[in-house]
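Take a look at the structure set out below.
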Amino acid sequence: MFVLATATAQAQAQDTSRVVLRAATVLDGRGGVQHNVDILVLGSRIARVAPRGALPVGARLVDLGNRTVLPGLIDAHTHPVWYFNRQNRLHTATDGDTPVQSTLAAAANVYATLWAGFTTIQSVGSRSDADLRDWIATQGLPGPRMLTSLDPLTDRSGGPDSLRALVRQRKSQGADVIKLFASASIREGGQQTMTDSQLVAACGEAKAVGLRTLVHAHSAAAVRAATLAGCTEIEHGIFVTRDELTLMAARGTYFDPQCALVFRNYLDNRARYEGIGNYNDSGFAAMERALPLAAADIRMALATPGLKVVYGTDAVAGADGRNAEDLICRVQQAGETPMHAIIAATSLNAEALGLGDRIGAIAPGLEADIIAVDGAPLQDITALRRVSFVMKGGRVVRDDGAVR
């Protein structure tokens with residue numbers, strides 16, 4: 001780890017005021033493919049994408065060889081403050097870890113995520129996310145650009161008036177988005193918990209103050225209620241039907257289903273979770289049952305005309321740095337084309353986050369969030385596991401060189 005950290009520090013120290021990335025193949029994040037191009041980066045932004053030519057005066061060349069170049073990936077649903085403590089168990093508020101230890105664990109998680117090629121994440125959510133977000137943005141902490149909901153709202157947060165007040169409070173506290181729990185956990189059956197009127201109040205107030213809303217909803221009823229309430233994006237939807245998917249498409253609601261990573265991560269790390277809260281025999285059995293449903297849901301969602309299916313993993317403790325696994329699952333298990341999956345994790349996610357004019361594509365004027373992978377992801381989606389170059393905001397944070 002020391003070698004990796006040292007290499008990253010050296011890369012960050014390099015002058016990146018004028019850099020040319022020489023690329024054999026570029027997937028621009030919007031469905032376009034270009035070959036043999038130079039990407040000129042001035043400061044933090046992409047200035048030009050053009051056929052290979054002479055270097056501009058004073059530019060430093062970074063030749064990416066035969067690697068495939070893409071925009072930095074975006075994960076719209078993460079939990080970087082979740083971690084396994086030194087007893088190899090899920091961290092809880094009563095396990096004795098200090099705030100400093102928890103902060104160090106979160107820093108390690110965001111570092112692993114950035115190293116894996118995810119240059120933007122949305123954490124939903126925890127109050128401690130605000131400091132993590134701000135230290136990444138202003139204090140040099142290595143990590144993805146980060147948006148957060150801070151603490152989520154639930155059916156126990158109060159009636160409509162209380163929820164409206166809490167939405168305004170979250171905005172004043174610096175939240176980028178409002179997270180709502182409209183249904184129970186998948187481990188508890190996923191039934192609707194927030195009332196229709198609660199959802200209308202919270203999502204309506206968020207829209208009024210200029211914030212998006214992300215809604216945890218598993219049951220068909222919860223998905224339908226959140227969509228009719230005008231909420232921005234539905235998370236999970238494991239028990240969704242074609243009717244709810246069609247309604248979301250008609251309403252312009254984004255849908256963020258998970259394919260396998262979150263369920264498989266829980267099951268693979270069962271000993272680290274078991275006995276904490278609803279991580280019990282029935283809860284793990286529910287997640288086993290969810291695995292085939294998840295891929296089928298995504299297949300059905302992809303076949304729904306006009307539905308905007310974005311990309312979020314729900315990465316919890318044990319999953320940070322493996323955020324690309326659901327892209328692989330979506331292609332291999334749900335039948336999504338590699339290009340469509342990559343667009344979901346780049347330009348479509350950027351649009352859903354309200355950042356389409358800043359990130360999500362390799363195009364002039366956008367932030368220079370650029371990665372390279374060894375291999376050809378359009379032919380072999382598992383190439384997204386082999387990230388070997390990461391630039392975030394014009395700064396090189398990883399360059400291993402291509403694997404030979």
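Please note that chains go A, B, ... in the order of the structure tokens, that every chain numbers its residues from 1, and that ligands are numbered from 1 in the order shown.
Of the residues in range 225-372 of chain A, those given strand (DSSP E) by DSSP on the backbone are Glu233, Ile234, Glu235, His236, Tyr254, Phe255, Asp256, Lys308, Val309, Ile370, Ile371 and Ala372 of chain A.
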Prev. selection, all heavy atoms, output as a CSV table (one decimal), in the first residue's frame:
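Result written to again_21.csv:
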chain,number,residue,atom,x,y,z
A,233,GLU,N,-35.8,10.2,-8.3
A,233,GLU,CA,-35.1,8.9,-8.6
A,233,GLU,C,-35.5,7.8,-7.6
A,233,GLU,O,-35.6,8.1,-6.4
A,233,GLU,CB,-33.6,9.1,-8.6
A,233,GLU,CG,-32.8,7.9,-9.0
A,233,GLU,CD,-31.3,8.2,-9.1
A,233,GLU,OE1,-31.0,9.2,-9.8
A,233,GLU,OE2,-30.5,7.4,-8.6
A,234,ILE,N,-35.8,6.6,-8.1
A,234,ILE,CA,-36.1,5.5,-7.3
A,234,ILE,C,-34.9,4.6,-7.2
A,234,ILE,O,-34.4,4.2,-8.3
A,234,ILE,CB,-37.3,4.7,-7.9
A,234,ILE,CG1,-38.5,5.7,-8.2
A,234,ILE,CG2,-37.7,3.6,-7.0
A,234,ILE,CD1,-39.1,6.4,-7.0
A,235,GLU,N,-34.6,4.2,-6.0
A,235,GLU,CA,-33.5,3.2,-5.8
A,235,GLU,C,-34.1,1.8,-5.5
A,235,GLU,O,-35.1,1.7,-4.9
A,235,GLU,CB,-32.7,3.6,-4.5
A,235,GLU,CG,-32.2,5.1,-4.6
A,235,GLU,CD,-31.2,5.3,-5.7
A,235,GLU,OE1,-30.2,4.6,-5.8
A,235,GLU,OE2,-31.5,6.2,-6.6
A,236,HIS,N,-33.4,0.8,-6.1
A,236,HIS,CA,-33.7,-0.6,-5.8
A,236,HIS,C,-34.8,-1.2,-6.6
A,236,HIS,O,-34.6,-1.8,-7.6
A,236,HIS,CB,-33.9,-0.9,-4.3
A,236,HIS,CG,-32.9,-0.2,-3.4
A,236,HIS,ND1,-31.5,-0.3,-3.7
A,236,HIS,CD2,-33.0,0.5,-2.3
A,236,HIS,CE1,-30.8,0.4,-2.7
A,236,HIS,NE2,-31.7,0.9,-1.9
A,254,TYR,N,-35.9,8.8,-12.8
A,254,TYR,CA,-34.8,7.9,-13.0
A,254,TYR,C,-34.9,6.7,-12.1
A,254,TYR,O,-35.5,6.7,-11.0
A,254,TYR,CB,-33.5,8.7,-12.6
A,254,TYR,CG,-33.1,9.8,-13.4
A,254,TYR,CD1,-33.5,11.1,-13.0
A,254,TYR,CD2,-32.4,9.7,-14.6
A,254,TYR,CE1,-33.2,12.2,-13.8
A,254,TYR,CE2,-32.1,10.8,-15.4
A,254,TYR,CZ,-32.5,12.0,-15.0
A,254,TYR,OH,-32.1,13.1,-15.8
A,255,PHE,N,-34.4,5.6,-12.7
A,255,PHE,CA,-34.5,4.3,-11.9
A,255,PHE,C,-33.1,3.8,-11.7
A,255,PHE,O,-32.3,3.7,-12.7
A,255,PHE,CB,-35.3,3.3,-12.7
A,255,PHE,CG,-35.5,2.0,-12.0
A,255,PHE,CD1,-35.8,1.9,-10.7
A,255,PHE,CD2,-35.4,0.8,-12.8
A,255,PHE,CE1,-36.0,0.7,-10.0
A,255,PHE,CE2,-35.6,-0.4,-12.1
A,255,PHE,CZ,-35.9,-0.5,-10.8
A,256,ASP,N,-32.8,3.4,-10.5
A,256,ASP,CA,-31.4,3.0,-10.1
A,256,ASP,C,-31.5,1.6,-9.4
A,256,ASP,O,-31.5,1.5,-8.2
A,256,ASP,CB,-30.8,4.0,-9.2
A,256,ASP,CG,-29.4,3.6,-8.8
A,256,ASP,OD1,-28.8,2.8,-9.5
A,256,ASP,OD2,-28.9,4.1,-7.7
A,308,LYS,N,-35.2,5.9,-18.0
A,308,LYS,CA,-33.8,6.2,-17.8
A,308,LYS,C,-33.2,5.4,-16.6
A,308,LYS,O,-33.5,5.7,-15.4
A,308,LYS,CB,-33.7,7.8,-17.5
A,308,LYS,CG,-34.1,8.6,-18.7
A,308,LYS,CD,-33.9,10.1,-18.5
A,308,LYS,CE,-35.1,10.6,-17.7
A,308,LYS,NZ,-35.1,12.1,-17.7
A,309,VAL,N,-32.4,4.4,-17.0
A,309,VAL,CA,-31.9,3.5,-16.0
A,309,VAL,C,-30.4,3.9,-15.7
A,309,VAL,O,-29.5,3.7,-16.5
A,309,VAL,CB,-31.9,2.0,-16.5
A,309,VAL,CG1,-31.4,1.0,-15.4
A,309,VAL,CG2,-33.3,1.6,-17.0
A,370,ILE,N,-11.0,11.4,-16.4
A,370,ILE,CA,-10.6,10.5,-17.5
A,370,ILE,C,-9.9,9.3,-16.9
A,370,ILE,O,-9.0,9.4,-16.1
A,370,ILE,CB,-9.7,11.2,-18.5
A,370,ILE,CG1,-10.4,12.4,-19.1
A,370,ILE,CG2,-9.3,10.2,-19.6
A,370,ILE,CD1,-9.6,13.3,-20.0
A,371,ILE,N,-10.3,8.1,-17.4
A,371,ILE,CA,-9.7,6.9,-16.9
A,371,ILE,C,-9.3,6.0,-18.2
A,371,ILE,O,-9.7,6.3,-19.3
A,371,ILE,CB,-10.6,6.0,-16.0
A,371,ILE,CG1,-11.8,5.4,-16.8
A,371,ILE,CG2,-11.1,6.8,-14.8
A,371,ILE,CD1,-12.6,4.4,-16.0
A,372,ALA,N,-8.4,5.1,-17.9
A,372,ALA,CA,-8.0,4.1,-19.0
A,372,ALA,C,-8.0,2.7,-18.4
A,372,ALA,O,-7.6,2.5,-17.2
A,372,ALA,CB,-6.7,4.5,-19.6
Find the residues around range 182-197 of chain A up to 8 Å (only C-alpha atoms counted), leave out those fewer than 5 positions away in its own chain, and share them as a list in words.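 In the requested format, the answer is Thr154, Asp155, Pro160, Val215, His216, Ala217, His218, Ser219, Ala221, Ala222, Ala225, Ala226, Ala229, Asn278, Tyr279, Ser282, Gly283, Phe284, Ala286 and Met287 of chain A.
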Could the residues in this selection be written to a file with all heavy atoms, as a short mmCIF file (atom, residue, chain, number, x, y, z; two decimals), in the first residue's frame?
data_model
loop_
_atom_site.label_atom_id
_atom_site.label_comp_id
_atom_site.auth_asym_id
_atom_site.auth_seq_id
_atom_site.Cartn_x
_atom_site.Cartn_y
_atom_site.Cartn_z
N THR A 154 -37.24 9.33 7.04
CA THR A 154 -38.01 8.09 7.07
C THR A 154 -39.45 8.38 7.46
O THR A 154 -39.82 9.54 7.74
CB THR A 154 -37.41 7.10 8.08
OG1 THR A 154 -37.72 7.53 9.42
CG2 THR A 154 -35.90 6.97 7.93
N ASP A 155 -40.25 7.32 7.55
CA ASP A 155 -41.64 7.46 7.99
C ASP A 155 -41.72 7.96 9.42
O ASP A 155 -42.74 8.53 9.83
CB ASP A 155 -42.37 6.13 7.86
CG ASP A 155 -41.72 5.03 8.69
OD1 ASP A 155 -40.53 4.75 8.51
OD2 ASP A 155 -42.43 4.43 9.52
N PRO A 160 -46.25 15.59 7.25
CA PRO A 160 -45.86 16.43 6.11
C PRO A 160 -45.17 17.73 6.49
O PRO A 160 -44.15 18.09 5.89
CB PRO A 160 -47.19 16.67 5.40
CG PRO A 160 -47.98 15.42 5.69
CD PRO A 160 -47.63 15.08 7.11
N VAL A 215 -35.20 7.93 -3.56
CA VAL A 215 -36.15 7.21 -2.70
C VAL A 215 -35.82 5.72 -2.69
O VAL A 215 -35.86 5.05 -3.72
CB VAL A 215 -37.60 7.41 -3.18
CG1 VAL A 215 -38.56 6.72 -2.24
CG2 VAL A 215 -37.92 8.90 -3.28
N HIS A 216 -35.49 5.22 -1.50
CA HIS A 216 -35.34 3.78 -1.27
C HIS A 216 -36.74 3.17 -1.31
O HIS A 216 -37.58 3.50 -0.47
CB HIS A 216 -34.68 3.56 0.11
CG HIS A 216 -34.75 2.17 0.63
ND1 HIS A 216 -33.65 1.35 0.72
CD2 HIS A 216 -35.79 1.44 1.12
CE1 HIS A 216 -34.00 0.18 1.23
NE2 HIS A 216 -35.30 0.22 1.49
N ALA A 217 -36.99 2.32 -2.31
CA ALA A 217 -38.31 1.73 -2.46
C ALA A 217 -38.18 0.35 -3.09
O ALA A 217 -37.68 0.22 -4.20
CB ALA A 217 -39.21 2.62 -3.31
N HIS A 218 -38.63 -0.67 -2.39
CA HIS A 218 -38.57 -2.03 -2.91
C HIS A 218 -39.92 -2.50 -3.46
O HIS A 218 -39.99 -3.07 -4.55
CB HIS A 218 -38.11 -3.00 -1.82
CG HIS A 218 -36.64 -3.00 -1.59
ND1 HIS A 218 -35.73 -3.37 -2.56
CD2 HIS A 218 -35.90 -2.68 -0.50
CE1 HIS A 218 -34.51 -3.29 -2.08
NE2 HIS A 218 -34.58 -2.85 -0.84
N SER A 219 -40.99 -2.27 -2.73
CA SER A 219 -42.29 -2.79 -3.15
C SER A 219 -42.83 -1.99 -4.33
O SER A 219 -42.50 -0.81 -4.53
CB SER A 219 -43.29 -2.73 -2.00
OG SER A 219 -43.66 -1.39 -1.73
N ALA A 221 -45.81 -0.90 -4.60
CA ALA A 221 -46.62 0.20 -4.06
C ALA A 221 -45.75 1.40 -3.69
O ALA A 221 -46.11 2.55 -3.97
CB ALA A 221 -47.39 -0.28 -2.83
N ALA A 222 -44.60 1.15 -3.07
CA ALA A 222 -43.71 2.24 -2.68
C ALA A 222 -43.14 2.93 -3.91
O ALA A 222 -43.02 4.16 -3.95
CB ALA A 222 -42.59 1.71 -1.79
N ALA A 225 -45.94 5.06 -5.43
CA ALA A 225 -46.24 6.24 -4.62
C ALA A 225 -45.16 7.31 -4.78
O ALA A 225 -45.46 8.50 -4.91
CB ALA A 225 -46.38 5.84 -3.16
N ALA A 226 -43.91 6.90 -4.78
CA ALA A 226 -42.81 7.85 -4.92
C ALA A 226 -42.80 8.49 -6.30
O ALA A 226 -42.52 9.68 -6.45
CB ALA A 226 -41.48 7.16 -4.64
N ALA A 229 -45.54 11.00 -6.50
CA ALA A 229 -45.24 12.15 -5.65
C ALA A 229 -44.24 13.11 -6.31
O ALA A 229 -43.95 14.17 -5.74
CB ALA A 229 -44.69 11.67 -4.31
N ASN A 278 -31.01 -6.33 11.36
CA ASN A 278 -31.78 -7.32 10.62
C ASN A 278 -30.91 -8.23 9.75
O ASN A 278 -31.40 -8.89 8.84
CB ASN A 278 -32.86 -6.65 9.77
CG ASN A 278 -32.29 -5.63 8.80
OD1 ASN A 278 -31.12 -5.66 8.44
ND2 ASN A 278 -33.14 -4.70 8.36
N TYR A 279 -29.63 -8.27 10.05
CA TYR A 279 -28.74 -9.22 9.37
C TYR A 279 -28.82 -10.56 10.12
O TYR A 279 -27.97 -10.91 10.94
CB TYR A 279 -27.31 -8.69 9.34
CG TYR A 279 -27.17 -7.41 8.55
CD1 TYR A 279 -27.00 -6.19 9.19
CD2 TYR A 279 -27.24 -7.43 7.16
CE1 TYR A 279 -26.89 -5.01 8.46
CE2 TYR A 279 -27.14 -6.26 6.43
CZ TYR A 279 -26.97 -5.05 7.09
OH TYR A 279 -26.87 -3.89 6.37
N SER A 282 -33.28 -14.91 8.34
CA SER A 282 -34.32 -14.55 7.37
C SER A 282 -33.87 -13.43 6.45
O SER A 282 -34.20 -13.42 5.25
CB SER A 282 -35.60 -14.15 8.10
OG SER A 282 -35.39 -13.00 8.91
N GLY A 283 -33.06 -12.50 6.98
CA GLY A 283 -32.55 -11.41 6.16
C GLY A 283 -31.61 -11.90 5.07
O GLY A 283 -31.71 -11.48 3.91
N PHE A 284 -30.72 -12.81 5.41
CA PHE A 284 -29.81 -13.34 4.40
C PHE A 284 -30.55 -14.21 3.39
O PHE A 284 -30.21 -14.21 2.19
CB PHE A 284 -28.67 -14.12 5.07
CG PHE A 284 -27.61 -13.23 5.66
CD1 PHE A 284 -27.55 -13.01 7.03
CD2 PHE A 284 -26.71 -12.58 4.85
CE1 PHE A 284 -26.59 -12.18 7.58
CE2 PHE A 284 -25.74 -11.73 5.38
CZ PHE A 284 -25.68 -11.53 6.75
N ALA A 286 -33.57 -13.65 2.39
CA ALA A 286 -34.23 -12.69 1.49
C ALA A 286 -33.27 -12.17 0.44
O ALA A 286 -33.64 -11.98 -0.73
CB ALA A 286 -34.81 -11.54 2.31
N MET A 287 -32.01 -11.93 0.83
CA MET A 287 -31.04 -11.43 -0.15
C MET A 287 -30.65 -12.51 -1.16
O MET A 287 -30.41 -12.21 -2.33
CB MET A 287 -29.83 -10.87 0.59
CG MET A 287 -30.16 -9.57 1.33
SD MET A 287 -28.74 -8.72 2.03
CE MET A 287 -28.36 -9.76 3.44
#
Which residues, written as JSON, numbers by chain, have at least one atom at most 12 Å from Thr382 in chain A, with only C-alpha atoms counted and residues fewer than 6 positions away on the same chain left out? {"A": [322, 324, 325, 326, 327, 328, 329, 330, 331, 332, 338, 342, 373, 374, 375, 376]}
Dump of N, CA and C atoms for the selected residues, as a JSON list (two decimals), in the first residue's frame:
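Written out: selection.json:
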[["chain", "number", "residue", "atom", "x", "y", "z"],
["A", 322, "ARG", "N", -14.82, -2.05, -5.66],
["A", 322, "ARG", "CA", -15.36, -3.06, -6.57],
["A", 322, "ARG", "C", -16.64, -2.55, -7.25],
["A", 324, "ALA", "N", -17.36, -1.44, -10.07],
["A", 324, "ALA", "CA", -17.65, -1.79, -11.47],
["A", 324, "ALA", "C", -18.35, -3.14, -11.61],
["A", 325, "GLU", "N", -18.45, -3.89, -10.52],
["A", 325, "GLU", "CA", -18.99, -5.26, -10.63],
["A", 325, "GLU", "C", -20.43, -5.27, -11.13],
["A", 326, "ASP", "N", -21.23, -4.28, -10.78],
["A", 326, "ASP", "CA", -22.62, -4.28, -11.26],
["A", 326, "ASP", "C", -22.70, -3.97, -12.75],
["A", 327, "LEU", "N", -21.74, -3.23, -13.29],
["A", 327, "LEU", "CA", -21.71, -3.04, -14.74],
["A", 327, "LEU", "C", -21.49, -4.37, -15.43],
["A", 328, "ILE", "N", -20.59, -5.16, -14.87],
["A", 328, "ILE", "CA", -20.33, -6.49, -15.43],
["A", 328, "ILE", "C", -21.56, -7.37, -15.31],
["A", 329, "CYS", "N", -22.22, -7.32, -14.16],
["A", 329, "CYS", "CA", -23.45, -8.09, -13.95],
["A", 329, "CYS", "C", -24.54, -7.66, -14.92],
["A", 330, "ARG", "N", -24.70, -6.37, -15.11],
["A", 330, "ARG", "CA", -25.76, -5.88, -15.99],
["A", 330, "ARG", "C", -25.56, -6.37, -17.42],
["A", 331, "VAL", "N", -24.32, -6.46, -17.85],
["A", 331, "VAL", "CA", -24.05, -6.97, -19.20],
["A", 331, "VAL", "C", -24.19, -8.48, -19.26],
["A", 332, "GLN", "N", -23.58, -9.17, -18.30],
["A", 332, "GLN", "CA", -23.54, -10.62, -18.37],
["A", 332, "GLN", "C", -24.82, -11.30, -17.91],
["A", 338, "PRO", "N", -22.68, -3.45, -23.54],
["A", 338, "PRO", "CA", -21.61, -2.74, -22.83],
["A", 338, "PRO", "C", -21.68, -1.23, -23.01],
["A", 342, "ILE", "N", -22.07, 1.54, -19.98],
["A", 342, "ILE", "CA", -21.06, 2.57, -19.76],
["A", 342, "ILE", "C", -21.70, 3.96, -19.78],
["A", 373, "VAL", "N", -8.42, 1.77, -19.20],
["A", 373, "VAL", "CA", -8.46, 0.38, -18.76],
["A", 373, "VAL", "C", -7.67, -0.47, -19.75],
["A", 374, "ASP", "N", -7.16, -1.56, -19.24],
["A", 374, "ASP", "CA", -6.44, -2.51, -20.09],
["A", 374, "ASP", "C", -7.45, -3.47, -20.70],
["A", 375, "GLY", "N", -7.59, -3.38, -22.02],
["A", 375, "GLY", "CA", -8.56, -4.21, -22.72],
["A", 375, "GLY", "C", -9.60, -3.38, -23.43],
["A", 376, "ALA", "N", -10.59, -4.06, -23.97],
["A", 376, "ALA", "CA", -11.63, -3.43, -24.79],
["A", 376, "ALA", "C", -12.99, -3.71, -24.17]]
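Residues in contact with Ala334 in chain A at 10 Å, where only C-alpha atoms are counted and same-chain residues fewer than 5 positions away are skipped, are listed as Cys259, Pro292, Ala294, Ala295, Ala296, Asp297, Ile298, Arg299, Met300, Ala301, Leu302, Leu327, Ile328 and Cys329 of chain A.
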Keeping N, CA, C and O atoms for every residue in the selection just given, could you write it to a file as a compact mmCIF listing (two decimals), in the first residue's frame?
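Saved the output as out-v9.txt:
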# COMPACT_ATOMS: atom_id res chain seq x y z
N CYS A 259 -27.74 -4.86 -9.43
CA CYS A 259 -27.72 -6.15 -10.11
C CYS A 259 -27.26 -7.28 -9.19
O CYS A 259 -27.95 -8.29 -9.07
N PRO A 292 -31.68 -13.45 -8.27
CA PRO A 292 -32.25 -13.63 -9.62
C PRO A 292 -33.31 -12.58 -9.95
O PRO A 292 -33.46 -12.21 -11.13
N ALA A 294 -33.19 -9.43 -9.14
CA ALA A 294 -32.51 -8.18 -9.49
C ALA A 294 -32.14 -8.14 -10.96
O ALA A 294 -32.41 -7.15 -11.66
N ALA A 295 -31.54 -9.20 -11.46
CA ALA A 295 -31.16 -9.22 -12.88
C ALA A 295 -32.39 -9.19 -13.77
O ALA A 295 -32.40 -8.51 -14.81
N ALA A 296 -33.45 -9.89 -13.37
CA ALA A 296 -34.68 -9.88 -14.16
C ALA A 296 -35.32 -8.49 -14.18
O ALA A 296 -35.84 -8.05 -15.21
N ASP A 297 -35.27 -7.79 -13.04
CA ASP A 297 -35.80 -6.42 -12.98
C ASP A 297 -35.07 -5.51 -13.95
O ASP A 297 -35.68 -4.68 -14.65
N ILE A 298 -33.75 -5.62 -13.97
CA ILE A 298 -32.96 -4.76 -14.85
C ILE A 298 -33.26 -5.08 -16.31
O ILE A 298 -33.42 -4.16 -17.14
N ARG A 299 -33.37 -6.35 -16.62
CA ARG A 299 -33.72 -6.74 -18.00
C ARG A 299 -35.07 -6.13 -18.39
O ARG A 299 -35.23 -5.59 -19.50
N MET A 300 -36.04 -6.19 -17.49
CA MET A 300 -37.36 -5.62 -17.75
C MET A 300 -37.29 -4.10 -17.87
O MET A 300 -37.94 -3.49 -18.73
N ALA A 301 -36.48 -3.47 -17.00
CA ALA A 301 -36.33 -2.01 -17.05
C ALA A 301 -35.71 -1.56 -18.36
O ALA A 301 -36.14 -0.57 -18.97
N LEU A 302 -34.70 -2.29 -18.81
CA LEU A 302 -34.03 -1.92 -20.06
C LEU A 302 -34.95 -2.05 -21.26
O LEU A 302 -34.77 -1.36 -22.27
N LEU A 327 -21.74 -3.23 -13.29
CA LEU A 327 -21.71 -3.04 -14.74
C LEU A 327 -21.49 -4.37 -15.43
O LEU A 327 -22.12 -4.69 -16.45
N ILE A 328 -20.59 -5.16 -14.87
CA ILE A 328 -20.33 -6.49 -15.43
C ILE A 328 -21.56 -7.37 -15.31
O ILE A 328 -21.97 -8.06 -16.26
N CYS A 329 -22.22 -7.32 -14.16
CA CYS A 329 -23.45 -8.09 -13.95
C CYS A 329 -24.54 -7.66 -14.92
O CYS A 329 -25.25 -8.51 -15.50
With distances taken over only C-alpha atoms, which residue among A:Tyr273, A:Phe181, A:Phe263, A:Trp135 lies nearest Leu90 in chain A?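 Nearest to Leu90 in chain A: A:Tyr273.
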Looking at only C-alpha atoms, which of A:Gly204, A:Gly306, A:Pro71, A:Gly230 is the one that sits closest to Ala250 in chain A? A:Gly306
What is the CA of Ala54 in chain A-CA of Gly393 in chain A distance in Å, reported with one decimal? 23.7 Å
Straight-line distance linking CA of Thr232 in chain A with CA of Gly277 in chain A, stated in Å to one decimal: 29.2 Å
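For the atom pair formed by CA of Arg86 in chain A and CA of Ser126 in chain A, the distance is 21.2 Å, given to one decimal.
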Pick the closest to Phe118 in chain A from A:Thr103, A:Thr78, A:Gln169, A:Gln139: which is it, counting only C-alpha atoms?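 The shortest atom-to-atom distance to Phe118 in chain A comes from A:Thr78.
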Range 32-243 of chain A: which residues are alpha helix (DSSP H) by DSSP, as number ranges by chain? A: 99-115, 129-138, 160-173, 196-208, 220-228, 242-243
Contacts of Asp131 in chain A within 12 Å, only C-alpha atoms, excl. fewer than 6 positions in-chain, as a PyMOL selection string: chain A and resi 81+103+106-107+137-139+141+146-148+150+173-175
Write a file of the just-selected residues containing N, CA, C and O atoms, as a compact mmCIF listing (two decimals), in the first residue's frame.
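File selection.txt, as written:
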# COMPACT_ATOMS: atom_id res chain seq x y z
N VAL A 81 -18.86 5.59 4.42
CA VAL A 81 -18.55 5.60 5.84
C VAL A 81 -18.83 4.25 6.51
O VAL A 81 -18.54 4.06 7.69
N THR A 103 -13.10 7.97 10.65
CA THR A 103 -12.72 8.87 9.56
C THR A 103 -11.63 8.25 8.70
O THR A 103 -11.67 8.34 7.46
N ALA A 106 -13.16 5.66 6.44
CA ALA A 106 -13.87 6.28 5.31
C ALA A 106 -12.89 6.80 4.28
O ALA A 106 -13.13 6.69 3.07
N ALA A 107 -11.79 7.38 4.73
CA ALA A 107 -10.77 7.88 3.80
C ALA A 107 -10.20 6.73 2.97
O ALA A 107 -9.94 6.89 1.76
N ALA A 137 -12.79 17.85 -1.63
CA ALA A 137 -12.91 18.99 -2.54
C ALA A 137 -11.88 20.09 -2.27
O ALA A 137 -11.42 20.75 -3.21
N THR A 138 -11.50 20.27 -1.00
CA THR A 138 -10.70 21.46 -0.68
C THR A 138 -9.39 21.20 0.03
O THR A 138 -8.53 22.07 0.07
N GLN A 139 -9.22 20.01 0.60
CA GLN A 139 -8.05 19.77 1.45
C GLN A 139 -7.11 18.70 0.91
O GLN A 139 -6.18 18.29 1.61
N LEU A 141 -7.65 15.50 0.18
CA LEU A 141 -7.87 14.10 0.50
C LEU A 141 -8.17 13.34 -0.79
O LEU A 141 -9.08 13.71 -1.53
N MET A 146 -17.71 14.14 -4.57
CA MET A 146 -18.72 13.47 -3.75
C MET A 146 -19.93 14.37 -3.51
O MET A 146 -19.79 15.56 -3.24
N LEU A 147 -21.11 13.80 -3.64
CA LEU A 147 -22.36 14.45 -3.26
C LEU A 147 -22.97 13.63 -2.13
O LEU A 147 -22.76 12.42 -2.05
N THR A 148 -23.72 14.28 -1.27
CA THR A 148 -24.30 13.57 -0.14
C THR A 148 -25.69 14.07 0.22
O THR A 148 -26.01 15.25 0.04
N LEU A 150 -26.59 13.70 3.43
CA LEU A 150 -26.52 13.73 4.90
C LEU A 150 -27.49 12.66 5.44
O LEU A 150 -27.70 11.65 4.79
N GLN A 173 -27.94 22.62 5.93
CA GLN A 173 -26.78 21.90 6.43
C GLN A 173 -25.81 21.51 5.32
O GLN A 173 -24.72 21.01 5.61
N GLY A 174 -26.21 21.76 4.08
CA GLY A 174 -25.30 21.50 2.97
C GLY A 174 -25.57 20.24 2.18
O GLY A 174 -24.71 19.80 1.40
N ALA A 175 -26.75 19.65 2.32
CA ALA A 175 -27.07 18.44 1.55
C ALA A 175 -27.16 18.77 0.06
O ALA A 175 -27.64 19.83 -0.34
